[in-house]
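Novice: Mind having a look at this structure? Questions to follow.
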Amino acid sequence: MSNETKGILSNQNVIAVNQDELGVQGHKVQQDGDQEVWAGPLSGGRVALVLWNRGPAEASITASWSSIGFNSSTVVDAHDLWTDEVTSSVQGELEESVDSHACKMYVLTPK
């Protein structure tokens with residue numbers, strides 16, 4: 001197994017989403033061609049969010065708050081589960097550039 005594969009399969013942040021006590025499966029909430037947004041509720045009012053680019057080129061993907069059940073004025077901290085970095089005070093939507101055949105995964109925590 002490559003180190004990259006091992007890192008993906010053993011990512012503690014992603015495992016924590018899988019093992020969240022709420023136990024509710026996420027679902028697709030937006031799609032624009034090859035770009036998809038998936039979301040699911042987590043305990044404590046948090047939301048798991050995946051931006052998935054199935055296309056052959058890098059793409060900008062936007063997850064709107066209305067698609068994931070937040071009010072447009074909701075402010076969240078967005079924890080990137082792959083890089084372990086947190087972006088504070090995100091409001092209304094989350095827009096990110098996603099490489100071809102890749103995804104970005106976040107936990108959004110309302111403030």
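Identifiers for the structure tokens are assigned positionally: chains receive A, B, ... in sequence, residues are indexed from 1 per chain, and ligands are indexed from 1 in the order shown.
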For the structure I just gave you, how does DSSP split stretch 25-102 of chain A - specifically, which residues are alpha helix (DSSP H)? Reply as a PyMOL selection string.

Specialist: chain A and resi 65-68

Novice: Within 6 Å of A:Val47, counting only C-alpha atoms, which residues show up once you throw out same-chain ones fewer than 4 positions away? Write them as a list in words, please.

Specialist: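 Once the adjacent positions are removed, what remains is Gly40, Pro41, Leu42, Val107 and Leu108 of chain A.
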
Novice: Taking N, CA and C atoms for each residue, export the selection above as an mmCIF file, in the first residue's frame.

Specialist:
```cif
data_model
loop_
_atom_site.group_PDB
_atom_site.id
_atom_site.type_symbol
_atom_site.label_atom_id
_atom_site.label_comp_id
_atom_site.auth_asym_id
_atom_site.auth_seq_id
_atom_site.Cartn_x
_atom_site.Cartn_y
_atom_site.Cartn_z
ATOM 1 N N GLY A 40 -23.984 16.104 4.885
ATOM 2 C CA GLY A 40 -24.727 15.317 5.861
ATOM 3 C C GLY A 40 -24.573 15.913 7.240
ATOM 4 N N PRO A 41 -25.612 15.779 8.062
ATOM 5 C CA PRO A 41 -25.564 16.334 9.413
ATOM 6 C C PRO A 41 -24.652 15.519 10.326
ATOM 7 N N LEU A 42 -24.009 16.233 11.240
ATOM 8 C CA LEU A 42 -23.191 15.620 12.279
ATOM 9 C C LEU A 42 -23.711 16.075 13.638
ATOM 10 N N VAL A 107 -15.613 19.776 7.676
ATOM 11 C CA VAL A 107 -16.643 19.820 8.703
ATOM 12 C C VAL A 107 -16.911 21.298 8.953
ATOM 13 N N LEU A 108 -18.187 21.678 8.794
ATOM 14 C CA LEU A 108 -18.610 23.059 9.013
ATOM 15 C C LEU A 108 -19.232 23.156 10.399
#
```

Novice: Name the residues in contact with A:Asp99 at a cut-off of 10 Å, using only C-alpha atoms, excluding same-chain residues fewer than 2 positions from it; report them as a list in words.

Specialist: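 With the cut-off at 10 Å, the set is Trp52, Asn53, Arg54, Gly55, Pro56, Ala57, Glu58, Ala59, Ser60, Glu96, Ser97, His101, Ala102, Cys103 and Lys104 of chain A.
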
Novice: Among chain A, which residues carry a DSSP assignment of strand (DSSP E or B), reported as number ranges by chain?

Specialist: A: 27-32, 35-41, 47-53, 59-64, 75-80, 86-91, 93-98, 102-110

Novice: Pick out the residues sitting within 8 Å of A:Asn71, and hand them over as a PDB file with C-alpha atoms, in the first residue's frame; count only C-alpha atoms, and ignore anything fewer than 4 positions along from it in its own chain.

Specialist:
```pdb
ATOM      1  CA  TRP A  65     -25.699  27.296   2.428  1.00  0.00           C
ATOM      2  CA  SER A  66     -29.269  26.842   1.180  1.00  0.00           C
ATOM      3  CA  GLY A  92     -23.235  32.102   2.695  1.00  0.00           C
TER       4      GLY A  92
END
```

Novice: Any idea what's packed within 12 Å of A:His79, counting only C-alpha atoms, ignoring anything in its chain fewer than 2 positions away? Could you give it as JSON, numbers by chain?

Specialist: {"A": [13, 14, 17, 46, 47, 48, 49, 50, 76, 77, 81, 82, 83, 84, 85, 86, 87, 88, 89, 90, 94, 104, 105, 106, 107, 108, 109, 110]}

Novice: For C-alpha atoms, I'd like the residues from the last selection saved as a short mmCIF file (atom, residue, chain, number, x, y, z; two decimals), in the first residue's frame.

Specialist:
```cif
data_model
loop_
_atom_site.label_atom_id
_atom_site.label_comp_id
_atom_site.auth_asym_id
_atom_site.auth_seq_id
_atom_site.Cartn_x
_atom_site.Cartn_y
_atom_site.Cartn_z
CA ASN A 13 -10.56 13.53 10.78
CA VAL A 14 -12.39 11.54 8.10
CA VAL A 17 -17.01 11.85 10.46
CA ARG A 46 -22.15 20.49 12.46
CA VAL A 47 -22.27 19.46 8.80
CA ALA A 48 -19.91 17.21 6.83
CA LEU A 49 -19.31 18.60 3.34
CA VAL A 50 -17.63 17.06 0.29
CA VAL A 76 -19.13 28.75 10.19
CA ASP A 77 -15.61 27.58 10.75
CA LEU A 81 -10.17 17.32 6.80
CA TRP A 82 -7.30 16.56 4.41
CA THR A 83 -5.02 19.50 5.31
CA ASP A 84 -6.28 19.87 8.92
CA GLU A 85 -6.56 23.64 8.38
CA VAL A 86 -9.49 25.75 9.59
CA THR A 87 -10.92 28.74 7.74
CA SER A 88 -12.85 30.96 10.15
CA SER A 89 -15.95 33.06 9.60
CA VAL A 90 -17.19 31.61 6.30
CA LEU A 94 -17.92 27.78 0.43
CA LYS A 104 -12.17 18.26 -0.69
CA MET A 105 -13.86 17.38 2.58
CA TYR A 106 -14.85 19.71 5.41
CA VAL A 107 -16.64 19.82 8.70
CA LEU A 108 -18.61 23.06 9.01
CA THR A 109 -19.18 24.25 12.57
CA PRO A 110 -21.68 27.11 13.06
#
```

Novice: Would you write out, as JSON lines, a table of all residues in stretch 39-87 of chain A that have an atom no more than 7 Å from an atom of stretch 27-33 of chain A, listing for each the closest atom pair and the distance in Å to one decimal, considering only C-alpha atoms and ordering rows by chain and rising residue number?

Specialist:
```
{"residue": "A:Ala39", "atom": "CA", "partner": "A:His27", "partner_atom": "CA", "distance": 5.7}
{"residue": "A:Gly40", "atom": "CA", "partner": "A:His27", "partner_atom": "CA", "distance": 6.3}
{"residue": "A:Ser67", "atom": "CA", "partner": "A:Val29", "partner_atom": "CA", "distance": 5.8}
{"residue": "A:Ile68", "atom": "CA", "partner": "A:Val29", "partner_atom": "CA", "distance": 6.7}
```

Novice: Any idea what the distance is between atom CA of A:Ser10 and atom CA of A:Glu36?

Specialist: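 Answer for the atom CA of A:Ser10 to atom CA of A:Glu36 separation: 24.0 Å.
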